[in-house]
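Peer 1: The file below is structure-v1.txt, compact mmCIF, C-alpha atoms:
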# COMPACT_ATOMS: atom_id res chain seq x y z
CA MET G 1 135.39 148.49 166.72
CA SER G 2 138.66 147.87 168.50
CA ASN G 3 141.34 145.60 167.08
CA LEU G 4 140.63 142.90 169.63
CA VAL G 5 136.98 142.64 168.57
CA LEU G 6 138.01 142.19 164.92
CA TYR G 7 140.36 139.33 165.77
CA GLN G 8 137.75 137.75 168.02
CA LEU G 9 135.17 137.93 165.23
CA VAL G 10 137.52 136.03 162.90
CA ALA G 11 138.05 133.40 165.62
CA LEU G 12 134.28 133.21 166.14
CA THR G 13 133.80 132.61 162.41
CA LEU G 14 136.24 129.71 162.60
CA LEU G 15 134.29 128.26 165.54
CA ALA G 16 131.00 128.56 163.66
CA ALA G 17 132.47 126.97 160.53
CA GLY G 18 133.85 124.09 162.58
CA LEU G 19 130.52 123.52 164.34
CA PHE G 20 128.69 123.57 161.01
CA GLY G 21 131.18 121.13 159.51
CA ILE G 22 131.06 118.67 162.39
CA MET G 23 127.26 118.52 162.15
CA LYS G 24 127.11 118.34 158.36
CA ARG G 25 129.89 115.88 157.56
CA ARG G 26 129.06 112.21 157.32
CA SER G 27 132.57 110.79 157.41
CA LEU G 28 134.89 110.65 160.39
CA VAL G 29 137.76 112.30 158.49
CA GLY G 30 135.57 115.26 157.57
CA MET G 31 134.62 115.68 161.22
CA LEU G 32 138.31 115.62 162.18
CA ILE G 33 138.95 118.47 159.72
CA ALA G 34 136.12 120.48 161.31
CA VAL G 35 137.54 119.91 164.81
CA GLU G 36 140.93 121.22 163.68
CA LEU G 37 139.18 124.38 162.41
CA MET G 38 137.61 124.95 165.82
CA LEU G 39 140.91 124.41 167.67
CA ASN G 40 142.58 126.98 165.42
CA GLY G 41 139.88 129.51 166.21
CA ALA G 42 140.50 128.94 169.93
CA GLY G 43 144.24 129.47 169.51
CA LEU G 44 143.77 132.67 167.54
CA SER G 45 141.35 133.98 170.16
CA ILE G 46 143.73 133.25 173.05
CA VAL G 47 146.73 134.88 171.38
CA ALA G 48 144.72 137.96 170.33
CA ALA G 49 143.33 138.39 173.83
CA ALA G 50 146.79 138.10 175.37
CA GLN G 51 148.63 140.33 172.90
CA LEU G 52 146.13 143.17 172.61
CA THR G 53 145.25 143.68 176.29
CA GLU G 54 147.22 144.25 179.45
CA ALA G 55 147.04 140.55 180.26
CA ASN G 56 150.16 138.40 180.56
CA ALA G 57 151.25 137.93 176.93
CA THR G 58 153.69 135.11 177.72
CA LEU G 59 150.93 133.07 179.32
CA GLY G 60 148.74 133.51 176.24
CA GLN G 61 151.41 132.38 173.79
CA LEU G 62 152.43 129.39 175.90
CA GLY G 63 148.78 128.43 176.38
CA THR G 64 148.27 128.38 172.63
CA LEU G 65 151.44 126.33 172.28
CA PHE G 66 149.96 123.74 174.66
CA VAL G 67 146.68 123.79 172.69
CA MET G 68 148.70 123.00 169.56
CA GLY G 69 150.46 120.13 171.30
CA LEU G 70 147.17 118.69 172.50
CA ALA G 71 145.73 119.07 168.98
CA ALA G 72 148.64 117.04 167.60
CA ALA G 73 148.06 114.30 170.20
CA GLU G 74 144.33 114.33 169.46
CA ALA G 75 144.92 114.03 165.70
CA THR G 76 147.22 111.04 166.26
CA LEU G 77 144.66 109.22 168.40
CA VAL G 78 141.75 110.04 166.08
CA LEU G 79 143.75 108.73 163.12
CA SER G 80 144.31 105.39 164.84
CA ILE G 81 140.66 105.20 165.97
CA ILE G 82 139.54 105.86 162.38
CA VAL G 83 141.84 103.08 161.17
CA VAL G 84 140.42 100.63 163.75
CA VAL G 85 136.81 101.57 162.91
CA PHE G 86 137.52 101.23 159.20
CA ARG G 87 139.08 97.80 159.73
CA ARG G 88 136.11 96.58 161.77
CA PHE G 89 133.21 98.06 159.78
CA GLY G 90 134.78 98.46 156.34
CA SER G 91 133.68 102.08 156.24
CA ALA G 92 134.39 105.37 157.96
CA LYS G 93 130.99 106.97 157.36
CA THR G 94 128.94 107.80 160.41
CA GLY G 95 125.72 106.41 158.92
CA GLU G 96 127.12 102.93 158.32
CA ILE G 97 128.84 102.37 161.65
CA THR G 98 125.74 103.03 163.76
CA THR G 99 124.75 99.77 165.41
CA LEU G 100 122.65 100.95 168.37
CA LYS G 101 119.56 101.54 166.23
CA GLU G 102 119.43 98.02 164.86
CA MET A 1 146.60 149.81 163.01
CA GLU A 2 148.44 151.41 160.18
CA ILE A 3 146.98 151.26 156.70
CA MET A 4 149.28 148.40 155.64
CA GLY A 5 148.28 146.48 158.73
CA LYS A 6 144.62 146.90 157.84
CA ILE A 7 145.24 145.67 154.29
CA ALA A 8 147.15 142.65 155.60
CA PHE A 9 144.37 141.91 158.10
CA ALA A 10 141.76 142.04 155.32
CA VAL A 11 143.84 139.73 153.09
CA TYR A 12 144.35 137.18 155.87
CA THR A 13 140.65 137.32 156.77
CA VAL A 14 139.69 136.59 153.17
CA VAL A 15 142.20 133.70 153.04
CA ILE A 16 140.83 132.25 156.31
CA LEU A 17 137.20 132.57 155.28
CA ALA A 18 137.75 131.07 151.83
CA GLY A 19 139.71 128.17 153.32
CA ALA A 20 137.08 127.50 155.97
CA LEU A 21 134.33 127.58 153.35
CA VAL A 22 136.12 124.98 151.22
CA ALA A 23 137.00 122.90 154.30
CA VAL A 24 133.40 122.47 155.40
CA GLY A 25 131.64 122.72 152.05
CA SER A 26 133.62 120.60 149.62
CA SER A 27 132.33 117.12 148.91
CA SER A 28 135.82 115.79 148.20
CA LEU A 29 137.83 115.20 151.35
CA VAL A 30 141.15 116.00 149.69
CA ARG A 31 139.81 119.39 148.62
CA ALA A 32 138.50 119.96 152.15
CA LEU A 33 141.99 119.22 153.45
CA VAL A 34 143.49 121.78 151.05
CA GLY A 35 140.96 124.30 152.36
CA LEU A 36 141.99 123.49 155.93
CA ILE A 37 145.66 124.06 155.06
CA THR A 38 144.75 127.43 153.48
CA THR A 39 143.00 128.42 156.70
CA LEU A 40 145.97 127.33 158.80
CA VAL A 41 148.34 129.46 156.73
CA GLY A 42 145.97 132.41 157.10
CA VAL A 43 145.91 131.97 160.89
CA ALA A 44 149.73 131.90 160.84
CA GLY A 45 149.61 135.26 159.09
CA MET A 46 147.30 136.55 161.82
CA TYR A 47 149.87 135.47 164.42
CA MET A 48 152.50 137.48 162.53
CA LEU A 49 150.19 140.51 162.61
CA LEU A 50 149.79 140.01 166.35
CA ASN A 51 153.55 140.40 166.77
CA SER A 52 154.15 136.79 167.81
CA PRO A 53 156.38 135.29 165.09
CA PHE A 54 157.20 132.27 167.26
CA MET A 55 153.53 131.26 167.30
CA ALA A 56 153.34 131.67 163.52
CA PHE A 57 156.38 129.42 163.13
CA MET A 58 154.90 126.82 165.45
CA GLN A 59 151.57 127.00 163.61
CA LEU A 60 153.30 126.24 160.31
CA LEU A 61 155.47 123.55 161.87
CA ILE A 62 152.84 121.69 163.90
CA TYR A 63 149.61 122.21 161.96
CA VAL A 64 150.66 122.64 158.35
CA GLY A 65 153.60 120.27 158.72
CA ALA A 66 152.34 117.50 160.98
CA VAL A 67 148.59 117.53 161.55
CA SER A 68 147.64 117.98 157.90
CA VAL A 69 149.91 115.08 156.92
CA LEU A 70 148.16 112.97 159.58
CA ILE A 71 144.74 113.87 158.15
CA PHE A 72 146.01 113.07 154.69
CA PHE A 73 147.02 109.63 155.96
CA ALA A 74 143.52 109.22 157.39
CA VAL A 75 142.02 110.06 153.99
CA MET A 76 144.36 107.58 152.31
CA LEU A 77 143.80 104.74 154.78
CA THR A 78 140.02 104.96 154.55
CA ARG A 79 140.19 104.53 150.80
CA ALA A 80 138.55 107.73 149.64
CA ASP A 81 137.86 107.18 145.98
CA ALA A 82 138.29 109.83 143.32
CA SER A 83 134.73 111.09 143.68
CA GLY A 84 135.30 111.75 147.37
CA GLU A 85 134.47 109.95 150.57
CA GLU A 86 131.34 111.96 151.22
CA GLY A 87 129.42 110.56 148.27
CA LYS A 88 126.10 112.20 147.61
CA PRO A 89 125.56 115.57 149.27
CA ALA A 90 123.63 115.86 152.52
CA SER A 91 119.95 116.71 152.41
CA ILE A 92 118.62 120.26 152.65
CA ARG A 93 117.11 119.54 156.06
CA LYS A 94 120.43 118.39 157.45
CA HIS A 95 122.09 121.53 156.11
CA LEU A 96 119.41 123.63 157.77
CA TYR A 97 119.80 121.89 161.13
CA ALA A 98 123.60 122.18 160.99
CA LEU A 99 123.36 125.86 160.11
CA LEU A 100 120.96 126.44 163.00
CA GLY A 101 123.17 124.52 165.44
CA ALA A 102 126.27 126.44 164.38
CA ALA A 103 124.59 129.85 164.25
CA SER A 104 123.01 129.83 167.69
CA PRO A 105 126.25 129.74 169.77
CA ALA A 106 127.93 132.07 167.27
CA VAL A 107 125.14 134.63 167.57
CA ILE A 108 125.20 134.51 171.38
CA LEU A 109 128.99 134.87 171.53
CA GLY A 110 128.98 137.61 168.90
CA TRP A 111 126.31 139.51 170.81
CA ALA A 112 128.36 139.30 174.00
CA LEU A 113 131.43 140.46 172.06
CA MET A 114 129.66 143.46 170.55
CA THR A 115 127.80 144.66 173.63
CA ARG A 116 130.69 144.31 176.08
CA PRO A 117 133.83 145.37 174.23
CA VAL A 118 137.11 145.10 176.11
CA GLU A 119 139.66 147.88 176.03
CA SER A 120 142.47 146.90 173.68
CA ILE A 121 145.85 148.48 173.13
CA SER A 122 146.71 149.44 169.58
CA THR A 123 150.13 147.83 169.25
CA PRO A 124 150.52 144.21 170.33
CA THR A 125 152.86 143.44 173.20
CA GLU A 126 156.20 142.06 172.16
CA VAL A 127 157.44 138.94 173.92
CA GLY A 128 160.94 137.82 173.10
CA LEU A 129 161.91 134.22 172.55
CA ASN A 130 164.13 134.50 175.64
CA ALA A 131 161.17 135.34 177.86
CA LEU A 132 159.14 132.46 176.44
CA GLY A 133 161.93 129.98 177.10
CA HIS A 134 162.49 131.24 180.63
CA GLU A 135 158.80 130.95 181.45
CA LEU A 136 158.62 127.50 179.87
CA LEU A 137 161.37 126.23 182.14
CA GLY A 138 160.27 128.39 185.08
CA SER A 139 156.65 128.95 186.06
CA TYR A 140 155.15 126.64 183.43
CA PHE A 141 157.56 123.76 183.87
CA LEU A 142 154.90 121.26 184.97
CA PRO A 143 152.55 121.67 181.95
CA PHE A 144 155.60 121.55 179.68
CA GLU A 145 156.60 118.18 181.13
CA ILE A 146 153.04 116.87 181.19
CA ILE A 147 152.48 117.71 177.52
CA SER A 148 155.54 115.67 176.58
CA ALA A 149 154.12 112.73 178.54
CA VAL A 150 150.73 113.20 176.86
CA LEU A 151 152.32 113.19 173.40
CA MET A 152 154.33 110.08 174.25
CA ILE A 153 151.27 108.24 175.60
CA ALA A 154 149.14 109.31 172.62
CA MET A 155 151.78 108.04 170.20
CA SER A 156 152.19 104.67 171.88
CA GLY A 157 148.42 104.39 172.27
CA ALA A 158 147.97 104.99 168.56
CA VAL A 159 150.52 102.29 167.74
CA LEU A 160 148.80 99.89 170.17
CA LEU A 161 145.33 100.59 168.71
CA ALA A 162 146.34 100.13 165.11
CA TRP A 163 148.56 97.11 165.78
CA GLU A 164 147.70 94.09 163.70
CA ARG A 165 148.83 90.79 165.12
CA ARG A 166 150.53 88.48 162.68
CA GLY A 167 148.49 85.52 161.54
CA ARG A 168 145.22 86.75 162.98
CA LYS A 169 144.08 88.79 159.99
Can the structure from this file be put into structure tokens for me?
Peer 2:
Amino acid sequence: MSNLVLYQLVALTLLAAGLFGIMKRRSLVGMLIAVELMLNGAGLSIVAAAQLTEANATLGQLGTLFVMGLAAAEATLVLSIIVVVFRRFGSAKTGEITTLKE
Amino acid sequence: MEIMGKIAFAVYTVVILAGALVAVGSSSLVRALVGLITTLVGVAGMYMLLNSPFMAFMQLLIYVGAVSVLIFFAVMLTRADASGEEGKPASIRKHLYALLGAASPAVILGWALMTRPVESISTPTEVGLNALGHELLGSYFLPFEIISAVLMIAMSGAVLLAWERRGRK
């Protein structure tokens, strides 16, 4: 196996762990943690693909930098959304804030 | 890869896997957050192995420094008690469904990765900080400016969402 495949397998594991977490967790904060795992896997995959092939390495690193910036913005917004949901429903669990089924 | 590089890769992989396992498996949200931070540090080590120290620095600064503190605030503001926010563990059926849903894309992507390997060079390319800065203010100037606007809008939007008017409690 080449080096690139090893790095991509680690990134793939992070993606699978994040997907598993986002489906298993029953609180919004736990789902946020799982999303951060998936974003990290994406960043690792992009940097590995840019550094270990003939592709433009600068583009790969800057792309991951932008992914990190977007992740920070996303975490900020999700935090405030969680606060609003908690204030309105008194809970941040996904089972208790479902109103469509009632 | 030299032998030391292989050892370092194995160590970082173990750190990442252990952290991810705790992050998705722990019933206490604070422990899950500690697992997430472990994973983030492991990914920073991977960036160092990939010969991109700037990315490792940014990973520590942005993720470990800022995002994890934000998630910790989320845990605190939603009043996670000592036993953990999750409460009783999810049912076996839910675990099974989640495992199935996570495994199917992973298996497809892993199959594609194994059957169509891409040629890789053995030593990572080195990109100096100078080159990164020049590109950031050169070809990629527009995304650089847009991301600052996005961060600004996200921050003010968060303040607006969580704003509590006085006397309306």
Peer 1: Pick from A:Val22, A:Leu61, A:Ala103, A:Leu49: nearest to chain G, with all atoms listed in the file counted?
Peer 2: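 Checking each candidate against chain G, we get A:Ala103 as the closest.
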Peer 1: Which one is closest to G:Ser80: A:Tyr47, A:Trp163, A:Tyr140, A:Trp111? Count only C-alpha atoms.
Peer 2: A:Trp163
Peer 1: Closest to A:Met48 among G:Ala57, G:Ala48, G:Ala73, G:Ile97, using only C-alpha atoms?
Peer 2: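 Result for the nearest residue to A:Met48: G:Ala48.
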Peer 1: With a cut-off of 6 Å and counting all atoms listed in the file, select all residues of chain A in contact with chain G and give the selection as a PyMOL selection string.
Peer 2: chain A and resi 24+74+98-99+102+106+120-121+124-125+151+154+158+162
Peer 1: Between atom CA of A:Gly35 and atom CA of A:Leu21, what is the spacing in Å?
Peer 2: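 It comes out at 7.5 Å.
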